[in-house]
Amino acid sequence: MTLGEFIISNQKAFKYSSGELSRLINSIRLAAKVVNHEIRKAGLVDITGAAGDINIQGEAQQKLDVLANDLFKQTLINREIVCGIASEEEDDYVIVEGQNKTNDNKYVLLMDPLDGSSNIDVNVSVGTIFSIYRRVSPIGTPVTKEDFLQKGSEQVAAGYVAYGTSTMLVFTTGNGVNGFTLNPAIGTFYLSHPNIKFPEIGKIYSVSEGYFTHFQEGMKRFLVHCKELNKEDNRPYTARYIGSLVTDFHRNMLKGGVYIYPATAITPNGKLRLLYECNPMAFICEQAGGKASDGFTRILDIKPSELHQRVPFYCGSKQLVQKAERFMSEFSAEEKPYYDMVSNNDNTH
Ligand code: AHM
Ligand code: MG
């Protein structure tokens, strides 16, 4: 079954079936194929000049994350399919107006157009993450910040594109998670992973342990626990950290594991962005039977206050996330204010 056929046959299962959401997913599908095409040429940059340089046609080359942002934005704007866009690459949200300066669309889209982009130069997989909400402000008026600052539990759809050894589009509309693999020869996504479910018990942990010294006590003890020998519990676990959220998440969802970007003494709110990294992944995670929290609280229950706010992120197989949370509440509950009270919502890395 192709993605196009899937969308048509599942239209009724989409939360809102006016066809608008289907058209929006279709637009994402198109943009994903264009971005995929650009990414697959990335290794040739060495021949035509590094990003930021002047290429042989004398044109300035765009960095791929900026290019991906423009491609997704333009596709959505040209098709007049959303009323607003927020992106990791944009300081503020973008109001999308139709040709007559009005816009009757009801959805806003938030995205990280190219996550893990520092991996591009070394030929490692990257991804696009997106999150879709129904606007809360009146239809026909310009979108407001409140349309974007909704709890993750209000998401209508969320997904990611993994540009890996193959290109996959994985998404949920609140009715399970399905994965589609691109056949590059004909440019069509096929349903390859229907109804994906996280293995409840995983064996993989994905944490950047290089920051160990900056972690809270609970996280340190959890990591020691992961490495201890315990046959009943299948330990020691396996460490896998690519540093590309989409790729780490995707592997863990298929094989069973937990991804954690915790609070550190240097980055008290972690690194990842709540609105367009953690919320969409948390929605997919829960829809696949997994669990996502900030170590204490369910991600989807957090009321956002800023477009680019960061949050510690624990996400994956239920039992592993629960285990990490137990270590956090036993040893770091006292330290929790160290994440709550320090504001680290700037948009710089
Ligand atoms: P980015 O949005 O600048 O690409 O940062 C997000 C990425 C995630 O994909 C990845 O898991 C994390 O940053 C890696 O960070 P670190 O290098 O600190 O481990
Ligand atoms: Mg990112």
# chains A, B, ... in the order shown; residues from 1 in each chain; ligands from 1
call {"tool": "residues_near_ligand", "arguments": {"ligand": "ligand 2", "cutoff": "10 Å", "atoms": "only C-alpha atoms and all ligand atoms", "output": "list in words"}}
result
Asp65, Ser87, Glu88, Glu89, Met111, Asp112, Pro113, Leu114, Asp115, Gly116, Ser117, Ser118, Val126, Gly127, Thr128, Ile129, Ser244, Leu245, Val246, Lys271, Leu272, Arg273, Tyr276, Glu277 and Cys278 of chain A
call {"tool": "residues_around", "arguments": {"residues": "Gly316 of chain A", "least_positions_apart": "6", "cutoff": "10 Å", "atoms": "only C-alpha atoms", "output": "list in words"}}
result
Phe198, Pro199, Glu200, Ile201, Gly202, Ile204, Tyr205, Ser206, Phe249, His250, Asn252, Met253, Gly256, Gly257, Val258, Tyr259, Ile260, Met281, Ala282, Cys285, Glu286, Ala288, Gly289, Gly290, Lys291, Ala292, Ser293 and Gln322 of chain A
call {"tool": "closest_residue", "arguments": {"among": "A:Cys315, A:Ile284, A:Val224, A:Ile299", "to": "Gly174 of chain A", "atoms": "only C-alpha atoms"}}
result
A:Ile284
call {"tool": "closest_residue", "arguments": {"among": "A:Lys197, A:Lys323, A:Lys151, A:His225", "to": "Leu254 of chain A", "atoms": "only C-alpha atoms"}}
result
A:Lys197
call {"tool": "closest_residue", "arguments": {"among": "A:Ile81, A:Ile8, A:Ile242, A:Val108", "to": "ligand 1", "atoms": "only C-alpha atoms and all ligand atoms"}}
result
A:Ile242
call {"tool": "atom_distance", "arguments": {"atom1": "atom CA of Ser208 of chain A", "atom2": "atom 16 (P, counted along the ligand's line) of ligand 1"}}
result
6.4 Å
call {"tool": "residues_around", "arguments": {"residues": "Gly218 of chain A", "least_positions_apart": "2", "cutoff": "8 Å", "atoms": "only C-alpha atoms", "output": "list in words"}}
result
Gln216, Lys220, Arg221, Phe222, Ala324, Phe327, Met328, Ser329, Glu330, Phe331 and Ser332 of chain A
call {"tool": "write_last_selection", "arguments": {"atoms": "N, CA and C atoms", "output": "PDB file, in the first residue's frame"}}
result
ATOM      1  N   GLN A 216      22.777  14.801  37.097  1.00  0.00           N
ATOM      2  CA  GLN A 216      22.269  14.722  38.468  1.00  0.00           C
ATOM      3  C   GLN A 216      22.509  13.309  39.000  1.00  0.00           C
ATOM      4  N   LYS A 220      23.187   9.598  37.139  1.00  0.00           N
ATOM      5  CA  LYS A 220      24.468   8.883  37.293  1.00  0.00           C
ATOM      6  C   LYS A 220      24.210   7.456  37.768  1.00  0.00           C
ATOM      7  N   ARG A 221      23.347   7.322  38.755  1.00  0.00           N
ATOM      8  CA  ARG A 221      23.074   5.978  39.299  1.00  0.00           C
ATOM      9  C   ARG A 221      22.361   5.104  38.278  1.00  0.00           C
ATOM     10  N   PHE A 222      21.484   5.700  37.482  1.00  0.00           N
ATOM     11  CA  PHE A 222      20.810   4.930  36.437  1.00  0.00           C
ATOM     12  C   PHE A 222      21.843   4.383  35.445  1.00  0.00           C
ATOM     13  N   ALA A 324      14.360   4.644  34.793  1.00  0.00           N
ATOM     14  CA  ALA A 324      15.142   5.893  34.878  1.00  0.00           C
ATOM     15  C   ALA A 324      14.425   6.898  35.779  1.00  0.00           C
ATOM     16  N   PHE A 327      14.986   6.156  39.477  1.00  0.00           N
ATOM     17  CA  PHE A 327      16.289   6.643  39.958  1.00  0.00           C
ATOM     18  C   PHE A 327      16.240   8.157  40.167  1.00  0.00           C
ATOM     19  N   MET A 328      15.563   8.848  39.248  1.00  0.00           N
ATOM     20  CA  MET A 328      15.501  10.310  39.370  1.00  0.00           C
ATOM     21  C   MET A 328      14.714  10.712  40.614  1.00  0.00           C
ATOM     22  N   SER A 329      13.559  10.066  40.847  1.00  0.00           N
ATOM     23  CA  SER A 329      12.790  10.529  42.017  1.00  0.00           C
ATOM     24  C   SER A 329      13.445  10.095  43.316  1.00  0.00           C
ATOM     25  N   GLU A 330      14.168   8.957  43.294  1.00  0.00           N
ATOM     26  CA  GLU A 330      14.818   8.530  44.534  1.00  0.00           C
ATOM     27  C   GLU A 330      16.023   9.397  44.887  1.00  0.00           C
ATOM     28  N   PHE A 331      16.783   9.768  43.862  1.00  0.00           N
ATOM     29  CA  PHE A 331      18.051  10.453  44.167  1.00  0.00           C
ATOM     30  C   PHE A 331      18.103  11.918  43.738  1.00  0.00           C
ATOM     31  N   SER A 332      17.155  12.351  42.900  1.00  0.00           N
ATOM     32  CA  SER A 332      17.277  13.720  42.383  1.00  0.00           C
ATOM     33  C   SER A 332      16.034  14.572  42.576  1.00  0.00           C
TER      34      SER A 332
END
call {"tool": "residues_around", "arguments": {"residues": "Gln309 of chain A", "least_positions_apart": "2", "cutoff": "6 Å", "atoms": "only C-alpha atoms", "output": "PyMOL selection string"}}
result
chain A and resi 273-274+306-307+345
call {"tool": "write_last_selection", "arguments": {"atoms": "C-alpha atoms", "output": "PDB file, in the first residue's frame"}}
result
ATOM      1  CA  ARG A 273      13.111  21.702  22.299  1.00  0.00           C
ATOM      2  CA  LEU A 274       9.725  20.907  23.768  1.00  0.00           C
ATOM      3  CA  GLU A 306       8.064  29.749  24.983  1.00  0.00           C
ATOM      4  CA  LEU A 307       8.334  28.739  21.347  1.00  0.00           C
ATOM      5  CA  ASN A 345      14.953  29.050  26.854  1.00  0.00           C
TER       6      ASN A 345
END
call {"tool": "select_by_dssp", "arguments": {"residues": "segment 108-218 of chain A", "states": "alpha helix (DSSP H)", "output": "ChimeraX atom specification"}}
result
/A:145-148,217-218
call {"tool": "atom_distance", "arguments": {"atom1": "atom CA of Asn183 of chain A", "atom2": "atom CA of Leu110 of chain A"}}
result
26.5 Å
call {"tool": "closest_residue", "arguments": {"among": "A:Leu275, A:Leu149, A:Leu21, A:Ala333", "to": "ligand 1", "atoms": "only C-alpha atoms and all ligand atoms"}}
result
A:Leu275
call {"tool": "closest_residue", "arguments": {"among": "A:Gly84, A:Asp70, A:Ile25, A:Ser317", "to": "Thr144 of chain A", "atoms": "only C-alpha atoms"}}
result
A:Gly84
call {"tool": "closest_residue", "arguments": {"among": "A:Ile196, A:Ala31, A:Ile7, A:Ala162", "to": "Asp248 of chain A", "atoms": "only C-alpha atoms"}}
result
A:Ala162
